[in-house]
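Since the structure comes first, as C-alpha cells, the remarks are kept for the end.
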Amino acid sequence: MELGELTTAVERRRMARVNGSVVVHQPVTLIWAARRAIDGQPRQQRWSVVRHDLSAAICALGGGSETDVAAYPVVALRDAPFWDLDFSTEAPAAHGGAPRRWLQERDPRFGLTAEAYELLTIRQNLEKFAQVAVARLDEPQANTVLAWFDLDVPIFRGFGEVPGVPEGTTFENRRALAARQVHRANQAGITGTAANGAESIVVSGGYEDDKDEGNRIVYTGHGGRDPNSGRQVADQSFESPGNAALMTSHLSGAPVRVIRGPHPQNPHAPRQGYRYDGLFTVASWWEEVGLSGFNVCRFELLKLIPTVTDGSPTAPPTFRLPEGTLTPERKTTVALRISRRIQVSLAIKKLHDHTCQVCDTKLVIEGRGYAEGAHIRPLGSPHDGRDTPDNMLCLCPNCHVLFDNGGIQIDEDLRITSAHPHRGVQRTATGHSVSADSLAYHRRLFPGTSRPTRDEL
Ligand SMILES: [Zn+2]
C-alpha cells in the first residue's frame, strides 16, 4: 500500500452526516489511530481499554455527549481497506445500540492495518493523512481537530491568515495573489459573499474617497466607478456582493485580509507589486455622498494587532488596537492562532443560526443574524479555558453580559440555576456538545449568585 492509495481510500469513505454536515466521529477516530503509529503505541488496542479516551475525544471535538460514542466509527470503519477490526465479519451495522453491545461482548482489538500503520510512522505521511481525514469538516472544526492531536498543519478555506503567508509578503501582480489564495479574485477589489463575509480586499487607491492611515483605513465599497478615469459616476449600493460581504464581516467580527497595491500618493502603499498587510476588522460602515456627488458605501477597517503572550499554549493572545510591535515570527504564529479562534466562534454561531441558546432570541440586522460566541470557562489566566466548541455558547449580547458576570449560571442538565426568567437553556444543536466541566467551573466563579442545585437540596 502506498500513501496515495491510503488517502484515496479515506477520501472515498462514506461518513455520517447531521444536518448535511459531516460529523467528527470518523475523522477523529482515524487520526487517533494514525497518531498511535508516530507515538510508537501498539497498532491495535482493545475496546475496553480505549473506549473512554476515544469517546471523550469525539465528544470534546463536537461529537455530542453519548457514552461510548466511539462505538459507531470503530464499527463503521470495518469495511475500510486500512482498518483492522477483530471479528469484523460478524460486526453489526453502525447504528442503534448494536455496536456498543457487540463491542462490549467481544472486546475486539482494532486499529490501522500493519501496512497503513507502517506508512504513518513517517510524520509527513501522518500530516497528509490527517488533512485528508478532516477535509469534509468545516474549516474551524477541522483545525480544532488537528490542533487537538498536536498536528500543526492548518487547512485553509478562505478566511483569516493564509498558512505560510506572513504579513509583509509581497506579490508581483494580482495573478500571483490569486494563485496563492491571498486574494482570490483577479479583478474585483473585494472577495467574499453576503452569506459568509469578506475574505480579503485590495486597497489600491483606485477610489477618490479612500483614506489610508496605516492601521485605520476608510475604504470605499464597490461599484459606480469609471474604470478609465477612476471617478465615481454612479451611486453605490450595499446590495452589491462585495459591499454586502463587508457588512456581513462587520456583524460577524470575522477578520478580513488587507492587501495594498501600489499608489504614488499613499505612504502606506508599496512602491510596486502587492503586499499582504495583515488582518483587519470592519469596525463600522455607513453611506455618504462622495467627492463626486454620488452615494458611496464606506467601511472603517481597523488593524488587528496581536500582542505578545508568554508563549504557553494555554495563554490566549489578546488584541490591542491599533498599535503594537512584535517580531515577525511571533506575530505570524499568534495571528494565525487568533484567526483560528475567531473561526471557532463563527462556526458555533452559524450552527445555532445566530440564535441565543439561553433566550432563543435571534437578532437580525439587515437580513443577517447577530450573536456572540461566549466562552464558558474563560480563556485568560488563571482560568485557562480551552478554545474548543464545547467550551462555548452562542448567546445574544444581553445574555452574554449576564453570563460573563454570573447572572446566568447553568448546571450539567442545562438548567439555569441563577435567578432568571428562563429555567433552562432553550436551544441545543446536534454536533455541539457543551462541557459539563466548563459549566461547573463557571458556576464556581460566582458562588454567591446561584440557587442551590438539585444535589444540594
Ligand atoms: Zn439571549
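Quick note on naming: the chains in the C-alpha cells go A, B, ... in the order shown, residues restart at 1 in each chain, and ligands are numbered from 1 in order of appearance.
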
Just want the residues within 8 Å of ligand 1, written as a PyMOL selection string, counting only C-alpha atoms and all ligand atoms.
chain A and resi 355-361+395-400

Keeping all heavy atoms for every residue in the selection just given, could you write it to a file as a short mmCIF file (atom, residue, chain, number, x, y, z; two decimals), in the first residue's frame?
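So the final result, stored in part34.cif, reads:
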```cif
data_model
loop_
_atom_site.label_atom_id
_atom_site.label_comp_id
_atom_site.auth_asym_id
_atom_site.auth_seq_id
_atom_site.Cartn_x
_atom_site.Cartn_y
_atom_site.Cartn_z
N THR A 355 -28.86 32.26 16.90
CA THR A 355 -29.95 32.31 17.86
C THR A 355 -29.39 32.05 19.25
O THR A 355 -28.59 31.13 19.43
CB THR A 355 -31.01 31.24 17.51
OG1 THR A 355 -31.37 31.42 16.13
CG2 THR A 355 -32.24 31.37 18.38
N CYS A 356 -29.79 32.87 20.22
CA CYS A 356 -29.26 32.76 21.57
C CYS A 356 -29.68 31.43 22.20
O CYS A 356 -30.86 31.09 22.21
CB CYS A 356 -29.76 33.93 22.42
SG CYS A 356 -29.21 33.84 24.12
N GLN A 357 -28.71 30.70 22.75
CA GLN A 357 -29.03 29.40 23.34
C GLN A 357 -29.81 29.54 24.64
O GLN A 357 -30.50 28.62 25.05
CB GLN A 357 -27.74 28.61 23.61
CG GLN A 357 -27.10 28.07 22.36
CD GLN A 357 -25.95 27.15 22.69
OE1 GLN A 357 -24.80 27.53 22.58
NE2 GLN A 357 -26.24 25.93 23.10
N VAL A 358 -29.70 30.69 25.30
CA VAL A 358 -30.40 30.86 26.57
C VAL A 358 -31.83 31.38 26.36
O VAL A 358 -32.78 30.85 26.90
CB VAL A 358 -29.61 31.79 27.52
CG1 VAL A 358 -30.49 32.28 28.66
CG2 VAL A 358 -28.40 31.05 28.07
N CYS A 359 -32.00 32.44 25.58
CA CYS A 359 -33.33 33.04 25.48
C CYS A 359 -33.98 32.83 24.12
O CYS A 359 -35.10 33.29 23.89
CB CYS A 359 -33.27 34.52 25.84
SG CYS A 359 -32.45 35.52 24.60
N ASP A 360 -33.30 32.14 23.21
CA ASP A 360 -33.86 31.80 21.90
C ASP A 360 -34.13 33.03 21.03
O ASP A 360 -34.91 32.96 20.09
CB ASP A 360 -35.16 30.99 22.08
CG ASP A 360 -35.37 30.03 20.91
OD1 ASP A 360 -34.37 29.60 20.31
OD2 ASP A 360 -36.53 29.73 20.60
N THR A 361 -33.48 34.15 21.36
CA THR A 361 -33.66 35.35 20.55
C THR A 361 -32.68 35.31 19.38
O THR A 361 -31.54 34.93 19.54
CB THR A 361 -33.33 36.61 21.39
OG1 THR A 361 -34.20 36.63 22.50
CG2 THR A 361 -33.48 37.88 20.57
N LEU A 395 -24.63 33.13 22.26
CA LEU A 395 -25.52 33.95 23.08
C LEU A 395 -25.81 35.28 22.41
O LEU A 395 -25.01 35.80 21.63
CB LEU A 395 -24.87 34.23 24.45
CG LEU A 395 -24.59 33.03 25.35
CD1 LEU A 395 -23.95 33.49 26.65
CD2 LEU A 395 -25.86 32.23 25.63
N CYS A 396 -26.96 35.86 22.76
CA CYS A 396 -27.24 37.24 22.36
C CYS A 396 -26.41 38.15 23.26
O CYS A 396 -25.93 37.72 24.31
CB CYS A 396 -28.74 37.52 22.47
SG CYS A 396 -29.32 37.67 24.16
N PRO A 397 -26.22 39.41 22.89
CA PRO A 397 -25.36 40.29 23.71
C PRO A 397 -25.85 40.42 25.15
O PRO A 397 -25.03 40.43 26.08
CB PRO A 397 -25.43 41.63 22.98
CG PRO A 397 -25.82 41.30 21.59
CD PRO A 397 -26.66 40.06 21.67
N ASN A 398 -27.16 40.50 25.37
CA ASN A 398 -27.67 40.62 26.74
C ASN A 398 -27.30 39.39 27.57
O ASN A 398 -26.78 39.51 28.68
CB ASN A 398 -29.21 40.76 26.73
CG ASN A 398 -29.63 42.17 26.37
OD1 ASN A 398 -28.80 43.07 26.25
ND2 ASN A 398 -30.92 42.36 26.17
N CYS A 399 -27.59 38.23 27.03
CA CYS A 399 -27.29 37.01 27.78
C CYS A 399 -25.79 36.83 27.96
O CYS A 399 -25.33 36.29 28.96
CB CYS A 399 -27.91 35.79 27.09
SG CYS A 399 -29.71 35.79 27.19
N HIS A 400 -25.00 37.29 26.99
CA HIS A 400 -23.54 37.20 27.10
C HIS A 400 -23.04 38.00 28.31
O HIS A 400 -22.24 37.51 29.11
CB HIS A 400 -22.89 37.71 25.80
CG HIS A 400 -21.44 37.37 25.68
ND1 HIS A 400 -20.70 37.65 24.55
CD2 HIS A 400 -20.58 36.80 26.54
CE1 HIS A 400 -19.47 37.25 24.73
NE2 HIS A 400 -19.36 36.73 25.94
#
```

Might you pull out every residue within 8 Å of segment 71-84 of chain A, with only C-alpha atoms counted and same-chain residues fewer than 2 positions away left off, and present them as a compact mmCIF listing (two decimals) with all heavy atoms, in the first residue's frame?
```
# COMPACT_ATOMS: atom_id res chain seq x y z
N LEU A 6 -3.83 4.99 0.36
CA LEU A 6 -4.41 5.15 1.69
C LEU A 6 -5.29 6.41 1.74
O LEU A 6 -6.43 6.37 2.19
CB LEU A 6 -3.28 5.24 2.72
CG LEU A 6 -3.70 5.48 4.17
CD1 LEU A 6 -4.62 4.39 4.68
CD2 LEU A 6 -2.46 5.57 5.07
N ALA A 9 -8.47 6.06 -0.24
CA ALA A 9 -9.45 5.24 0.47
C ALA A 9 -10.18 6.07 1.52
O ALA A 9 -11.38 5.90 1.74
CB ALA A 9 -8.76 4.04 1.11
N ARG A 13 -14.43 7.35 1.60
CA ARG A 13 -15.29 6.79 2.65
C ARG A 13 -16.60 7.54 2.77
O ARG A 13 -16.66 8.75 2.64
CB ARG A 13 -14.58 6.86 4.00
CG ARG A 13 -13.57 5.76 4.17
CD ARG A 13 -13.50 5.33 5.61
NE ARG A 13 -14.79 4.90 6.14
CZ ARG A 13 -15.37 3.73 5.87
NH1 ARG A 13 -14.79 2.89 5.07
NH2 ARG A 13 -16.54 3.42 6.41
N HIS A 25 -16.93 12.03 14.11
CA HIS A 25 -16.62 10.70 14.65
C HIS A 25 -15.54 9.94 13.87
O HIS A 25 -14.55 9.49 14.45
CB HIS A 25 -17.89 9.85 14.73
CG HIS A 25 -18.98 10.50 15.51
ND1 HIS A 25 -19.53 11.73 15.17
CD2 HIS A 25 -19.63 10.12 16.63
CE1 HIS A 25 -20.45 12.06 16.05
NE2 HIS A 25 -20.54 11.11 16.95
N GLN A 26 -15.74 9.79 12.56
CA GLN A 26 -14.73 9.05 11.79
C GLN A 26 -13.41 9.81 11.69
O GLN A 26 -12.35 9.23 11.89
CB GLN A 26 -15.26 8.69 10.41
CG GLN A 26 -16.04 7.37 10.43
CD GLN A 26 -16.29 6.83 9.02
OE1 GLN A 26 -15.38 6.78 8.20
NE2 GLN A 26 -17.52 6.46 8.76
N THR A 29 -11.53 9.39 14.90
CA THR A 29 -11.08 8.01 15.11
C THR A 29 -9.89 7.68 14.20
O THR A 29 -8.93 7.04 14.63
CB THR A 29 -12.26 7.04 14.84
OG1 THR A 29 -13.35 7.43 15.67
CG2 THR A 29 -11.87 5.61 15.13
N GLN A 44 -2.89 -1.97 17.42
CA GLN A 44 -4.28 -2.25 17.79
C GLN A 44 -4.43 -2.15 19.31
O GLN A 44 -3.46 -2.33 20.05
CB GLN A 44 -4.67 -3.67 17.39
CG GLN A 44 -4.92 -3.83 15.91
CD GLN A 44 -5.38 -5.25 15.62
OE1 GLN A 44 -4.65 -6.20 15.91
NE2 GLN A 44 -6.56 -5.39 15.08
N ARG A 51 -12.04 2.73 24.97
CA ARG A 51 -13.38 3.28 24.71
C ARG A 51 -13.59 4.65 25.35
O ARG A 51 -14.16 5.54 24.75
CB ARG A 51 -14.47 2.30 25.17
CG ARG A 51 -14.25 1.82 26.60
CD ARG A 51 -15.27 0.76 26.98
NE ARG A 51 -16.46 1.38 27.50
CZ ARG A 51 -17.21 0.82 28.46
NH1 ARG A 51 -16.87 -0.34 28.99
NH2 ARG A 51 -18.29 1.43 28.89
N ASP A 68 -19.75 6.11 25.29
CA ASP A 68 -19.23 5.14 24.31
C ASP A 68 -19.57 5.49 22.86
O ASP A 68 -19.81 4.61 22.03
CB ASP A 68 -19.76 3.73 24.62
CG ASP A 68 -19.07 3.12 25.83
OD1 ASP A 68 -18.00 3.65 26.21
OD2 ASP A 68 -19.59 2.14 26.38
N VAL A 69 -19.58 6.77 22.56
CA VAL A 69 -19.95 7.20 21.21
C VAL A 69 -18.96 6.67 20.16
O VAL A 69 -19.30 6.54 18.99
CB VAL A 69 -20.08 8.74 21.17
CG1 VAL A 69 -18.72 9.40 21.33
CG2 VAL A 69 -20.77 9.20 19.91
N ASP A 86 -10.85 -6.91 14.85
CA ASP A 86 -11.02 -8.34 15.10
C ASP A 86 -12.48 -8.74 14.89
O ASP A 86 -13.38 -7.99 15.24
CB ASP A 86 -10.63 -8.69 16.55
CG ASP A 86 -9.13 -8.54 16.79
OD1 ASP A 86 -8.39 -8.36 15.80
OD2 ASP A 86 -8.72 -8.60 17.96
N SER A 88 -14.26 -8.80 12.36
CA SER A 88 -15.00 -7.74 11.65
C SER A 88 -16.16 -8.30 10.82
O SER A 88 -17.14 -7.62 10.59
CB SER A 88 -14.07 -6.94 10.75
OG SER A 88 -13.55 -7.75 9.75
N ALA A 91 -19.34 -8.10 12.69
CA ALA A 91 -19.68 -6.82 13.33
C ALA A 91 -21.03 -6.32 12.82
O ALA A 91 -21.36 -6.48 11.65
CB ALA A 91 -18.60 -5.79 13.02
N PRO A 92 -21.83 -5.71 13.70
CA PRO A 92 -23.16 -5.23 13.29
C PRO A 92 -23.06 -3.90 12.54
O PRO A 92 -21.98 -3.30 12.48
CB PRO A 92 -23.87 -5.03 14.62
CG PRO A 92 -22.77 -4.66 15.57
CD PRO A 92 -21.55 -5.42 15.11
N ALA A 93 -24.19 -3.47 11.97
CA ALA A 93 -24.23 -2.17 11.31
C ALA A 93 -24.04 -1.06 12.35
O ALA A 93 -24.36 -1.25 13.53
CB ALA A 93 -25.56 -1.98 10.59
N ALA A 94 -23.51 0.10 11.87
CA ALA A 94 -23.10 1.13 12.82
C ALA A 94 -24.24 2.07 13.21
O ALA A 94 -24.15 3.27 13.03
CB ALA A 94 -21.92 1.91 12.24
N HIS A 95 -25.33 1.51 13.70
CA HIS A 95 -26.34 2.40 14.28
C HIS A 95 -27.13 1.68 15.36
O HIS A 95 -27.05 0.45 15.49
CB HIS A 95 -27.26 2.98 13.21
CG HIS A 95 -27.84 1.97 12.27
ND1 HIS A 95 -28.85 1.11 12.63
CD2 HIS A 95 -27.49 1.64 11.00
CE1 HIS A 95 -29.14 0.32 11.61
NE2 HIS A 95 -28.32 0.61 10.60
N PRO A 99 -23.79 -1.75 18.00
CA PRO A 99 -22.32 -1.65 18.06
C PRO A 99 -21.79 -1.70 19.49
O PRO A 99 -20.82 -2.41 19.77
CB PRO A 99 -22.03 -0.29 17.41
CG PRO A 99 -23.19 -0.01 16.55
CD PRO A 99 -24.37 -0.63 17.24
N ARG A 100 -22.43 -0.96 20.40
CA ARG A 100 -21.98 -0.95 21.79
C ARG A 100 -22.05 -2.34 22.41
O ARG A 100 -21.12 -2.80 23.05
CB ARG A 100 -22.88 -0.02 22.63
CG ARG A 100 -22.51 1.43 22.55
CD ARG A 100 -23.30 2.18 23.63
NE ARG A 100 -23.24 3.61 23.38
CZ ARG A 100 -24.06 4.23 22.54
NH1 ARG A 100 -24.99 3.57 21.89
NH2 ARG A 100 -23.94 5.53 22.36
N LEU A 103 -19.38 -4.67 20.86
CA LEU A 103 -18.02 -4.36 21.32
C LEU A 103 -17.84 -4.78 22.78
O LEU A 103 -16.79 -5.29 23.18
CB LEU A 103 -17.75 -2.86 21.16
CG LEU A 103 -17.59 -2.38 19.71
CD1 LEU A 103 -17.64 -0.86 19.62
CD2 LEU A 103 -16.27 -2.88 19.12
N PHE A 110 -8.68 -3.28 17.73
CA PHE A 110 -8.85 -2.60 16.44
C PHE A 110 -7.78 -1.53 16.28
O PHE A 110 -7.10 -1.15 17.25
CB PHE A 110 -10.25 -1.97 16.32
CG PHE A 110 -10.53 -0.94 17.38
CD1 PHE A 110 -10.21 0.39 17.18
CD2 PHE A 110 -11.10 -1.31 18.60
CE1 PHE A 110 -10.46 1.33 18.17
CE2 PHE A 110 -11.35 -0.37 19.58
CZ PHE A 110 -11.03 0.95 19.37
N GLY A 111 -7.64 -1.05 15.04
CA GLY A 111 -6.63 -0.05 14.72
C GLY A 111 -6.38 -0.10 13.23
O GLY A 111 -7.15 -0.71 12.48
N LEU A 112 -5.31 0.54 12.79
CA LEU A 112 -4.99 0.51 11.36
C LEU A 112 -4.37 -0.84 10.99
O LEU A 112 -3.85 -1.54 11.86
CB LEU A 112 -4.00 1.64 11.04
CG LEU A 112 -4.54 3.05 11.27
CD1 LEU A 112 -3.40 4.07 11.22
CD2 LEU A 112 -5.60 3.39 10.23
N THR A 113 -4.41 -1.17 9.72
CA THR A 113 -3.71 -2.37 9.27
C THR A 113 -2.21 -2.15 9.41
O THR A 113 -1.75 -0.99 9.51
CB THR A 113 -4.00 -2.66 7.78
OG1 THR A 113 -3.59 -1.51 7.03
CG2 THR A 113 -5.47 -2.93 7.54
N GLU A 115 0.13 -2.38 7.26
CA GLU A 115 0.68 -1.58 6.15
C GLU A 115 0.44 -0.09 6.36
O GLU A 115 1.34 0.73 6.19
CB GLU A 115 0.01 -1.99 4.84
CG GLU A 115 0.65 -3.16 4.15
CD GLU A 115 -0.06 -3.42 2.83
OE1 GLU A 115 -1.30 -3.54 2.86
OE2 GLU A 115 0.64 -3.48 1.80
N ALA A 116 -0.80 0.25 6.73
CA ALA A 116 -1.13 1.67 6.94
C ALA A 116 -0.37 2.22 8.13
O ALA A 116 0.16 3.33 8.09
CB ALA A 116 -2.64 1.82 7.15
```

In terms of the shortest atom-to-atom distance over only C-alpha atoms, which of A:Gly278, A:Arg46, A:Ala37, A:Phe129 is closest to Thr8 of chain A?
A:Phe129

Option closest in space to Pro140 of chain A, from A:Ser435, A:Ala347, A:Gly197, A:Thr121 [counting only C-alpha atoms]:
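That would be A:Ala347, the residue with the smallest distance to Pro140 of chain A.
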
Among the residues A:Gly385, A:Gly160, A:Gly253, A:Pro264, the one that comes closest to Leu279 of chain A [using only C-alpha atoms]:
A:Gly160

Pick out the residues sitting within 6 Å of segment 428-431 of chain A, and hand them over as a VMD selection string; count only C-alpha atoms, and ignore anything fewer than 2 positions along from it in its own chain.
chain A and resid 62 to 64

Okay, now the selection with N, CA, C and O atoms, as a compact mmCIF listing (two decimals), in the first residue's frame?
```txt
# COMPACT_ATOMS: atom_id res chain seq x y z
N GLY A 62 -16.89 17.99 19.43
CA GLY A 62 -18.17 18.34 18.84
C GLY A 62 -19.04 17.16 18.45
O GLY A 62 -20.02 17.32 17.74
N GLY A 63 -18.70 15.96 18.92
CA GLY A 63 -19.45 14.76 18.52
C GLY A 63 -20.54 14.35 19.50
O GLY A 63 -20.80 13.18 19.65
N GLY A 64 -21.17 15.33 20.16
CA GLY A 64 -22.28 15.01 21.06
C GLY A 64 -21.79 14.61 22.44
O GLY A 64 -20.64 14.92 22.81
```

Taking the chain letters and numbering used in this document, name the residues of segment 157-226 of chain A that DSSP puts in strand (DSSP E), as a PyMOL selection string.
chain A and resi 170-171+190-193+197-203+211-212+216-220
